[in-house]
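Just below is one structure, and these are the notes that go with it.
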Amino acid sequence: MENSEDLGKAKPYVDANGVTVERLSPAAPEPAPRMNLSEALVTRQQHEIVARLEPAVTAIVGPDATSALPDAVAVFFDSYRTSPLTENKGGSQFNDGLTLFVLARLLAPRRIIESGTHRGFSSWLLRQASPDAELHSFDIDHSRLALRAENTTYHLCDWTERDLTSGADDNTLIFFDDHISHARRIIEAAARGFRHLLFDDNFPVTTLYATGGVPVPTVAMLLDGALQGGEELTWTRNNKLYRYRVDSVSLAEARRLIARTVALPDVTDLTAYASPSGMTYVELSE
Ligand SMILES: C[S@@+](CC[C@H](N)C(=O)[O-])C[C@H]1O[C@@H](n2cnc3c(N)ncnc32)[C@H](O)[C@@H]1O
């Protein structure tokens, strides 16, 4: 957090730690976190991020991803820095945007379907990551849509209301970031022949307070052997009390459709951009 005593100082000064502080001109409020390190430090930060992401990304994409990952991370940094949207409250931030971008770029799907457009930031990122993919973004509310990416179809409805099943094969990636039950989305995707899914907000029962409107049962809950059907889970967030009774039927139905899951590691400690995301790739059985 910025030291409030230093806010009014217009001239460069050296603080108590020997750090020279210079206010940039024109002075403007800092928007969403932007990379403001020197290039040398950015390079070092990117190396650390690549090392952290590599095991999960190669597990999802395959061994060829190892050589392509550094470039994908570097291109993400450039995209994020130059994004026309500087604020995305309620949507993807740096850490989850990074994993979304990297996977969309390295999987190189022919088609991407996103559920949860919000302001349009993640669809814009997907378009930068995968310029040639056919891109569909769904939301039931367009009142906050501020950024439209090129060659992208924005649908004002639930994704199940459009028939995109033609060619629903290995070449489609679906990104669910709509706070709708992960179990429900898995069952819907499987029924339509899709197999490659990416979920945001995949929180285990012990951190269900991490986001408002958590998409229960989450993927983590589907894989949680200790969770009992009929069990009531309660948690609070922002002065609201949430209760959810575990439905063993939908839990079992969704669980049996999953071939494997790969959680994307958190990089908060490497970027200091604190925003829990819980991005998880889910491959469904054939
Ligand atoms: C967390 S925001 C999405 C953020 C966005 N993906 C981003 O990263 O910038 C969740 C969005 O899901 C939308 N939503 C809610 N129900 C939905 C549904 N049935 N289908 C699609 N979107 C839905 C909400 O209106 C909201 O805009």
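A note on labels: chains of the structure tokens are A, B, ... as shown, every chain counts residues from 1, and ligands are counted from 1 in their shown order.
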- When the cut-off is 10 Å and you count only C-alpha atoms and all ligand atoms, which residues lie near ligand 1, shown as a ChimeraX atom specification? /A:85,87-94,96-97,100,114-125,137-145,147,155-161,175-181,185,200-201,211-213
Deliver the residues from the most recent selection as a file, using N, CA and C atoms, as a compact mmCIF listing (two decimals), in the first residue's frame.
# COMPACT_ATOMS: atom_id res chain seq x y z
N LEU A 85 -8.66 -1.76 -21.59
CA LEU A 85 -9.40 -1.68 -20.32
C LEU A 85 -8.40 -1.64 -19.17
N GLU A 87 -9.38 -1.27 -15.94
CA GLU A 87 -10.03 -1.65 -14.68
C GLU A 87 -11.00 -2.78 -15.00
N ASN A 88 -10.92 -3.86 -14.22
CA ASN A 88 -11.81 -4.99 -14.48
C ASN A 88 -12.34 -5.57 -13.18
N LYS A 89 -12.90 -4.71 -12.36
CA LYS A 89 -13.43 -5.16 -11.06
C LYS A 89 -14.49 -6.24 -11.32
N GLY A 90 -14.39 -7.32 -10.57
CA GLY A 90 -15.37 -8.41 -10.74
C GLY A 90 -14.99 -9.38 -11.84
N GLY A 91 -13.86 -9.13 -12.52
CA GLY A 91 -13.44 -10.03 -13.60
C GLY A 91 -11.98 -10.42 -13.45
N SER A 92 -11.40 -10.97 -14.52
CA SER A 92 -10.03 -11.46 -14.48
C SER A 92 -9.06 -10.33 -14.16
N GLN A 93 -8.06 -10.68 -13.36
CA GLN A 93 -6.96 -9.75 -13.09
C GLN A 93 -5.69 -10.37 -13.68
N PHE A 94 -4.55 -9.88 -13.24
CA PHE A 94 -3.28 -10.31 -13.84
C PHE A 94 -3.08 -11.83 -13.75
N ASP A 96 -5.02 -14.60 -13.07
CA ASP A 96 -5.87 -15.54 -13.82
C ASP A 96 -5.86 -15.20 -15.30
N GLY A 97 -5.69 -13.91 -15.63
CA GLY A 97 -5.55 -13.52 -17.05
C GLY A 97 -4.34 -14.19 -17.69
N LEU A 100 -5.08 -17.91 -18.35
CA LEU A 100 -6.06 -17.97 -19.45
C LEU A 100 -5.37 -17.74 -20.79
N GLU A 114 -16.56 -18.76 -24.44
CA GLU A 114 -16.43 -18.21 -23.09
C GLU A 114 -17.82 -18.00 -22.51
N SER A 115 -18.02 -18.39 -21.27
CA SER A 115 -19.27 -18.09 -20.59
C SER A 115 -18.96 -17.16 -19.43
N GLY A 116 -19.47 -15.92 -19.51
CA GLY A 116 -19.16 -14.90 -18.52
C GLY A 116 -18.33 -13.79 -19.15
N THR A 117 -18.98 -12.93 -19.94
CA THR A 117 -18.26 -11.86 -20.66
C THR A 117 -17.88 -10.71 -19.72
N HIS A 118 -18.85 -10.32 -18.88
CA HIS A 118 -18.67 -9.19 -17.95
C HIS A 118 -18.29 -7.93 -18.74
N ARG A 119 -17.14 -7.31 -18.49
CA ARG A 119 -16.77 -6.07 -19.19
C ARG A 119 -16.11 -6.34 -20.55
N GLY A 120 -15.77 -7.62 -20.80
CA GLY A 120 -15.16 -7.96 -22.09
C GLY A 120 -13.66 -8.14 -22.02
N PHE A 121 -13.09 -8.07 -20.80
CA PHE A 121 -11.63 -8.13 -20.71
C PHE A 121 -11.10 -9.51 -21.07
N SER A 122 -11.70 -10.57 -20.53
CA SER A 122 -11.14 -11.90 -20.79
C SER A 122 -11.35 -12.29 -22.26
N SER A 123 -12.45 -11.86 -22.88
CA SER A 123 -12.60 -12.19 -24.32
C SER A 123 -11.57 -11.42 -25.14
N TRP A 124 -11.27 -10.20 -24.73
CA TRP A 124 -10.23 -9.44 -25.43
C TRP A 124 -8.88 -10.16 -25.29
N LEU A 125 -8.60 -10.65 -24.06
CA LEU A 125 -7.34 -11.38 -23.84
C LEU A 125 -7.29 -12.65 -24.70
N SER A 137 -18.52 -15.37 -26.99
CA SER A 137 -18.57 -15.02 -25.57
C SER A 137 -20.04 -14.84 -25.16
N PHE A 138 -20.42 -15.49 -24.06
CA PHE A 138 -21.81 -15.48 -23.60
C PHE A 138 -21.93 -14.75 -22.27
N ASP A 139 -23.02 -13.98 -22.15
CA ASP A 139 -23.40 -13.42 -20.85
C ASP A 139 -24.90 -13.16 -20.91
N ILE A 140 -25.52 -13.19 -19.74
CA ILE A 140 -26.97 -12.90 -19.71
C ILE A 140 -27.22 -11.42 -19.42
N ASP A 141 -26.14 -10.66 -19.30
CA ASP A 141 -26.26 -9.23 -18.98
C ASP A 141 -25.13 -8.50 -19.71
N HIS A 142 -25.49 -7.59 -20.62
CA HIS A 142 -24.46 -6.84 -21.34
C HIS A 142 -24.33 -5.40 -20.84
N SER A 143 -24.94 -5.10 -19.70
CA SER A 143 -24.94 -3.70 -19.26
C SER A 143 -23.55 -3.20 -18.88
N ARG A 144 -22.63 -4.11 -18.57
CA ARG A 144 -21.28 -3.68 -18.18
C ARG A 144 -20.26 -3.90 -19.30
N LEU A 145 -20.72 -4.37 -20.45
CA LEU A 145 -19.78 -4.68 -21.55
C LEU A 145 -19.14 -3.39 -22.08
N LEU A 147 -15.75 -3.43 -23.68
CA LEU A 147 -14.70 -3.66 -24.67
C LEU A 147 -15.10 -4.82 -25.57
N HIS A 155 -22.87 -13.15 -27.36
CA HIS A 155 -24.24 -13.68 -27.25
C HIS A 155 -24.85 -13.21 -25.93
N LEU A 156 -26.08 -12.73 -26.00
CA LEU A 156 -26.78 -12.29 -24.78
C LEU A 156 -27.72 -13.40 -24.32
N CYS A 157 -27.18 -14.49 -23.85
CA CYS A 157 -27.97 -15.62 -23.38
C CYS A 157 -27.03 -16.65 -22.75
N ASP A 158 -27.62 -17.65 -22.15
CA ASP A 158 -26.82 -18.75 -21.62
C ASP A 158 -26.23 -19.54 -22.79
N TRP A 159 -25.07 -20.13 -22.60
CA TRP A 159 -24.39 -20.81 -23.72
C TRP A 159 -25.20 -22.00 -24.24
N THR A 160 -26.06 -22.57 -23.38
CA THR A 160 -26.85 -23.74 -23.80
C THR A 160 -27.97 -23.34 -24.78
N GLU A 161 -28.22 -22.03 -24.93
CA GLU A 161 -29.29 -21.60 -25.83
C GLU A 161 -28.83 -21.45 -27.27
N PHE A 175 -14.23 -21.80 -21.75
CA PHE A 175 -13.81 -21.13 -20.52
C PHE A 175 -15.08 -20.73 -19.74
N PHE A 176 -15.29 -21.37 -18.60
CA PHE A 176 -16.44 -21.05 -17.76
C PHE A 176 -16.01 -20.12 -16.63
N ASP A 177 -16.50 -18.89 -16.71
CA ASP A 177 -16.20 -17.88 -15.68
C ASP A 177 -17.50 -17.14 -15.38
N ASP A 178 -18.56 -17.92 -15.16
CA ASP A 178 -19.89 -17.33 -15.02
C ASP A 178 -20.51 -17.56 -13.65
N HIS A 179 -19.76 -18.17 -12.74
CA HIS A 179 -20.23 -18.44 -11.37
C HIS A 179 -21.44 -19.38 -11.35
N ILE A 180 -21.60 -20.14 -12.40
CA ILE A 180 -22.63 -21.18 -12.44
C ILE A 180 -21.97 -22.49 -12.02
N SER A 181 -22.72 -23.33 -11.32
CA SER A 181 -22.22 -24.61 -10.81
C SER A 181 -21.30 -25.33 -11.81
N ARG A 185 -22.11 -27.22 -15.46
CA ARG A 185 -21.42 -26.91 -16.72
C ARG A 185 -20.72 -28.15 -17.30
N ASP A 200 -12.78 -21.05 -13.96
CA ASP A 200 -12.26 -20.12 -12.97
C ASP A 200 -13.01 -20.38 -11.65
N ASP A 201 -12.51 -19.85 -10.57
CA ASP A 201 -13.18 -19.93 -9.26
C ASP A 201 -13.37 -21.37 -8.78
N THR A 211 -14.98 -15.99 -3.15
CA THR A 211 -15.63 -15.17 -4.16
C THR A 211 -17.12 -15.12 -3.87
N GLY A 212 -17.78 -14.09 -4.33
CA GLY A 212 -19.24 -14.02 -4.17
C GLY A 212 -19.87 -14.94 -5.20
N GLY A 213 -20.97 -15.58 -4.87
CA GLY A 213 -21.64 -16.45 -5.83
C GLY A 213 -20.76 -17.59 -6.30
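Residues of region 142-192 of chain A that DSSP places in helix (DSSP H, G or I), based on the backbone of this structure, are Trp159, Thr160, Glu161, His182, Ala183, Arg184, Arg185, Ile186, Ile187, Glu188, Ala189, Ala190 and Ala191 of chain A.
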Filtering to N, CA and C atoms, could you give me those residues as a PDB file, in the first residue's frame?
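In the end it all went to part-v5.pdb:
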ATOM      1  N   TRP A 159     -25.071 -20.134 -22.599  1.00  0.00           N
ATOM      2  CA  TRP A 159     -24.393 -20.809 -23.716  1.00  0.00           C
ATOM      3  C   TRP A 159     -25.201 -22.002 -24.237  1.00  0.00           C
ATOM      4  N   THR A 160     -26.060 -22.567 -23.379  1.00  0.00           N
ATOM      5  CA  THR A 160     -26.853 -23.738 -23.804  1.00  0.00           C
ATOM      6  C   THR A 160     -27.965 -23.344 -24.778  1.00  0.00           C
ATOM      7  N   GLU A 161     -28.216 -22.034 -24.925  1.00  0.00           N
ATOM      8  CA  GLU A 161     -29.291 -21.597 -25.827  1.00  0.00           C
ATOM      9  C   GLU A 161     -28.830 -21.448 -27.270  1.00  0.00           C
ATOM     10  N   HIS A 182     -20.100 -25.660 -11.350  1.00  0.00           N
ATOM     11  CA  HIS A 182     -19.177 -26.395 -12.221  1.00  0.00           C
ATOM     12  C   HIS A 182     -19.758 -27.749 -12.599  1.00  0.00           C
ATOM     13  N   ALA A 183     -20.465 -28.387 -11.658  1.00  0.00           N
ATOM     14  CA  ALA A 183     -21.067 -29.698 -11.971  1.00  0.00           C
ATOM     15  C   ALA A 183     -22.051 -29.545 -13.133  1.00  0.00           C
ATOM     16  N   ARG A 184     -22.875 -28.499 -13.057  1.00  0.00           N
ATOM     17  CA  ARG A 184     -23.860 -28.274 -14.131  1.00  0.00           C
ATOM     18  C   ARG A 184     -23.148 -28.030 -15.469  1.00  0.00           C
ATOM     19  N   ARG A 185     -22.108 -27.217 -15.461  1.00  0.00           N
ATOM     20  CA  ARG A 185     -21.417 -26.907 -16.724  1.00  0.00           C
ATOM     21  C   ARG A 185     -20.722 -28.150 -17.298  1.00  0.00           C
ATOM     22  N   ILE A 186     -20.200 -29.006 -16.440  1.00  0.00           N
ATOM     23  CA  ILE A 186     -19.557 -30.240 -16.917  1.00  0.00           C
ATOM     24  C   ILE A 186     -20.599 -31.147 -17.577  1.00  0.00           C
ATOM     25  N   ILE A 187     -21.740 -31.279 -16.943  1.00  0.00           N
ATOM     26  CA  ILE A 187     -22.801 -32.138 -17.494  1.00  0.00           C
ATOM     27  C   ILE A 187     -23.284 -31.574 -18.836  1.00  0.00           C
ATOM     28  N   GLU A 188     -23.448 -30.260 -18.910  1.00  0.00           N
ATOM     29  CA  GLU A 188     -23.892 -29.630 -20.168  1.00  0.00           C
ATOM     30  C   GLU A 188     -22.852 -29.797 -21.280  1.00  0.00           C
ATOM     31  N   ALA A 189     -21.581 -29.589 -20.932  1.00  0.00           N
ATOM     32  CA  ALA A 189     -20.524 -29.696 -21.954  1.00  0.00           C
ATOM     33  C   ALA A 189     -20.421 -31.128 -22.462  1.00  0.00           C
ATOM     34  N   ALA A 190     -20.477 -32.091 -21.557  1.00  0.00           N
ATOM     35  CA  ALA A 190     -20.373 -33.497 -21.960  1.00  0.00           C
ATOM     36  C   ALA A 190     -21.542 -33.878 -22.868  1.00  0.00           C
ATOM     37  N   ALA A 191     -22.737 -33.397 -22.532  1.00  0.00           N
ATOM     38  CA  ALA A 191     -23.923 -33.732 -23.333  1.00  0.00           C
ATOM     39  C   ALA A 191     -23.799 -33.196 -24.753  1.00  0.00           C
TER      40      ALA A 191
END
- Looking only at strand (DSSP E) from DSSP on the backbone, list the matching residues of region 30-270 of chain A as an MDAnalysis selection string. chainID A and resid 111:115 134:139 152:156 172:176 196:199 232:237 240:245 258:263
Mind dumping the selected residues with N, CA and C atoms as a short mmCIF file (atom, residue, chain, number, x, y, z; two decimals), in the first residue's frame?
data_model
loop_
_atom_site.label_atom_id
_atom_site.label_comp_id
_atom_site.auth_asym_id
_atom_site.auth_seq_id
_atom_site.Cartn_x
_atom_site.Cartn_y
_atom_site.Cartn_z
N ARG A 111 -11.65 -23.17 -32.00
CA ARG A 111 -12.78 -22.39 -31.50
C ARG A 111 -12.71 -22.26 -29.99
N ILE A 112 -13.06 -21.06 -29.48
CA ILE A 112 -13.10 -20.82 -28.04
C ILE A 112 -14.51 -20.33 -27.69
N ILE A 113 -15.06 -20.92 -26.64
CA ILE A 113 -16.36 -20.46 -26.14
C ILE A 113 -16.12 -19.97 -24.71
N GLU A 114 -16.56 -18.76 -24.44
CA GLU A 114 -16.43 -18.21 -23.09
C GLU A 114 -17.82 -18.00 -22.51
N SER A 115 -18.02 -18.39 -21.27
CA SER A 115 -19.27 -18.09 -20.59
C SER A 115 -18.96 -17.16 -19.43
N GLU A 134 -12.09 -19.04 -33.75
CA GLU A 134 -13.48 -18.57 -33.76
C GLU A 134 -13.83 -18.34 -32.28
N LEU A 135 -14.30 -17.14 -31.95
CA LEU A 135 -14.48 -16.80 -30.53
C LEU A 135 -15.92 -16.39 -30.25
N HIS A 136 -16.54 -17.10 -29.30
CA HIS A 136 -17.91 -16.80 -28.86
C HIS A 136 -17.87 -16.47 -27.38
N SER A 137 -18.52 -15.37 -26.99
CA SER A 137 -18.57 -15.02 -25.57
C SER A 137 -20.04 -14.84 -25.16
N PHE A 138 -20.42 -15.49 -24.06
CA PHE A 138 -21.81 -15.48 -23.60
C PHE A 138 -21.93 -14.75 -22.27
N ASP A 139 -23.02 -13.98 -22.15
CA ASP A 139 -23.40 -13.42 -20.85
C ASP A 139 -24.90 -13.16 -20.91
N THR A 152 -15.31 -11.28 -32.82
CA THR A 152 -15.82 -12.03 -31.67
C THR A 152 -17.33 -11.91 -31.65
N THR A 153 -18.02 -13.03 -31.42
CA THR A 153 -19.48 -13.00 -31.37
C THR A 153 -19.91 -12.94 -29.91
N TYR A 154 -20.64 -11.89 -29.56
CA TYR A 154 -21.13 -11.71 -28.19
C TYR A 154 -22.59 -12.14 -28.14
N HIS A 155 -22.87 -13.15 -27.36
CA HIS A 155 -24.24 -13.68 -27.25
C HIS A 155 -24.85 -13.21 -25.93
N LEU A 156 -26.08 -12.73 -26.00
CA LEU A 156 -26.78 -12.29 -24.78
C LEU A 156 -27.72 -13.40 -24.32
N THR A 172 -12.02 -27.43 -29.58
CA THR A 172 -12.75 -26.36 -28.89
C THR A 172 -12.34 -26.30 -27.43
N LEU A 173 -12.07 -25.09 -26.96
CA LEU A 173 -11.80 -24.85 -25.54
C LEU A 173 -12.95 -24.02 -24.99
N ILE A 174 -13.53 -24.46 -23.87
CA ILE A 174 -14.59 -23.66 -23.24
C ILE A 174 -14.08 -23.11 -21.91
N PHE A 175 -14.23 -21.80 -21.75
CA PHE A 175 -13.81 -21.13 -20.52
C PHE A 175 -15.08 -20.73 -19.74
N PHE A 176 -15.29 -21.37 -18.60
CA PHE A 176 -16.44 -21.05 -17.76
C PHE A 176 -16.01 -20.12 -16.63
N HIS A 196 -12.78 -30.21 -23.56
CA HIS A 196 -11.68 -29.41 -22.99
C HIS A 196 -12.24 -28.14 -22.35
N LEU A 197 -12.21 -28.13 -21.03
CA LEU A 197 -12.86 -27.05 -20.28
C LEU A 197 -11.85 -26.37 -19.35
N LEU A 198 -12.05 -25.08 -19.18
CA LEU A 198 -11.22 -24.33 -18.24
C LEU A 198 -12.18 -23.61 -17.30
N PHE A 199 -12.01 -23.82 -15.99
CA PHE A 199 -12.90 -23.21 -15.00
C PHE A 199 -12.15 -22.20 -14.17
N GLU A 232 -24.72 -30.02 4.92
CA GLU A 232 -24.93 -28.59 4.70
C GLU A 232 -23.64 -27.82 4.94
N LEU A 233 -23.25 -27.02 3.94
CA LEU A 233 -22.04 -26.20 4.06
C LEU A 233 -22.51 -24.76 4.29
N THR A 234 -21.90 -24.09 5.23
CA THR A 234 -22.25 -22.68 5.45
C THR A 234 -20.98 -21.86 5.49
N TRP A 235 -21.08 -20.64 4.99
CA TRP A 235 -19.94 -19.72 5.06
C TRP A 235 -20.47 -18.29 4.95
N THR A 236 -19.65 -17.35 5.33
CA THR A 236 -20.07 -15.95 5.22
C THR A 236 -19.05 -15.19 4.38
N ARG A 237 -19.55 -14.15 3.75
CA ARG A 237 -18.69 -13.26 2.96
C ARG A 237 -19.40 -11.92 2.86
N LYS A 240 -22.76 -11.53 4.34
CA LYS A 240 -23.84 -12.39 3.86
C LYS A 240 -23.55 -13.80 4.34
N LEU A 241 -24.61 -14.49 4.71
CA LEU A 241 -24.46 -15.89 5.14
C LEU A 241 -24.91 -16.77 3.98
N TYR A 242 -24.08 -17.72 3.61
CA TYR A 242 -24.39 -18.64 2.50
C TYR A 242 -24.58 -20.04 3.07
N ARG A 243 -25.57 -20.76 2.54
CA ARG A 243 -25.80 -22.16 2.93
C ARG A 243 -25.96 -22.97 1.66
N TYR A 244 -25.39 -24.16 1.64
CA TYR A 244 -25.53 -25.03 0.46
C TYR A 244 -25.59 -26.48 0.92
N ARG A 245 -26.60 -27.20 0.45
CA ARG A 245 -26.70 -28.62 0.81
C ARG A 245 -26.16 -29.46 -0.34
N ILE A 258 -15.45 -36.80 -15.64
CA ILE A 258 -14.11 -36.18 -15.64
C ILE A 258 -13.04 -37.23 -15.88
N ALA A 259 -12.21 -36.98 -16.91
CA ALA A 259 -11.06 -37.87 -17.16
C ALA A 259 -9.87 -37.43 -16.31
N ARG A 260 -9.62 -36.12 -16.27
CA ARG A 260 -8.51 -35.60 -15.46
C ARG A 260 -8.68 -34.10 -15.26
N THR A 261 -8.04 -33.62 -14.22
CA THR A 261 -8.04 -32.17 -13.96
C THR A 261 -6.60 -31.72 -13.71
N VAL A 262 -6.30 -30.50 -14.10
CA VAL A 262 -4.98 -29.93 -13.81
C VAL A 262 -5.20 -28.51 -13.28
N ALA A 263 -4.82 -28.29 -12.03
CA ALA A 263 -4.97 -26.95 -11.45
C ALA A 263 -3.81 -26.08 -11.90
#
- Message: Between CA of Pro70 (chain A) and CA of Ala133 (chain A), what is the distance in Å, rounded to a tenth?
- Response: 21.3 Å
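Contact shell of Leu227 (chain A) at 10 Å (only C-alpha atoms; same-chain neighbours under 5 positions omitted): Val205, Met221, Leu222, Glu232, Leu233, Val246, Ser248 and Leu251 of chain A.
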Could those residues be written to a file, using C-alpha atoms, as an mmCIF file, in the first residue's frame?
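Writing done, so here's part-v1.cif:
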data_model
loop_
_atom_site.group_PDB
_atom_site.id
_atom_site.type_symbol
_atom_site.label_atom_id
_atom_site.label_comp_id
_atom_site.auth_asym_id
_atom_site.auth_seq_id
_atom_site.Cartn_x
_atom_site.Cartn_y
_atom_site.Cartn_z
ATOM 1 C CA VAL A 205 -14.943 -26.329 0.529
ATOM 2 C CA MET A 221 -15.773 -30.389 -4.487
ATOM 3 C CA LEU A 222 -16.485 -33.055 -7.120
ATOM 4 C CA GLU A 232 -24.933 -28.587 4.699
ATOM 5 C CA LEU A 233 -22.035 -26.196 4.060
ATOM 6 C CA VAL A 246 -24.523 -31.101 -1.091
ATOM 7 C CA SER A 248 -24.862 -36.387 -4.092
ATOM 8 C CA LEU A 251 -21.905 -34.723 -7.601
#
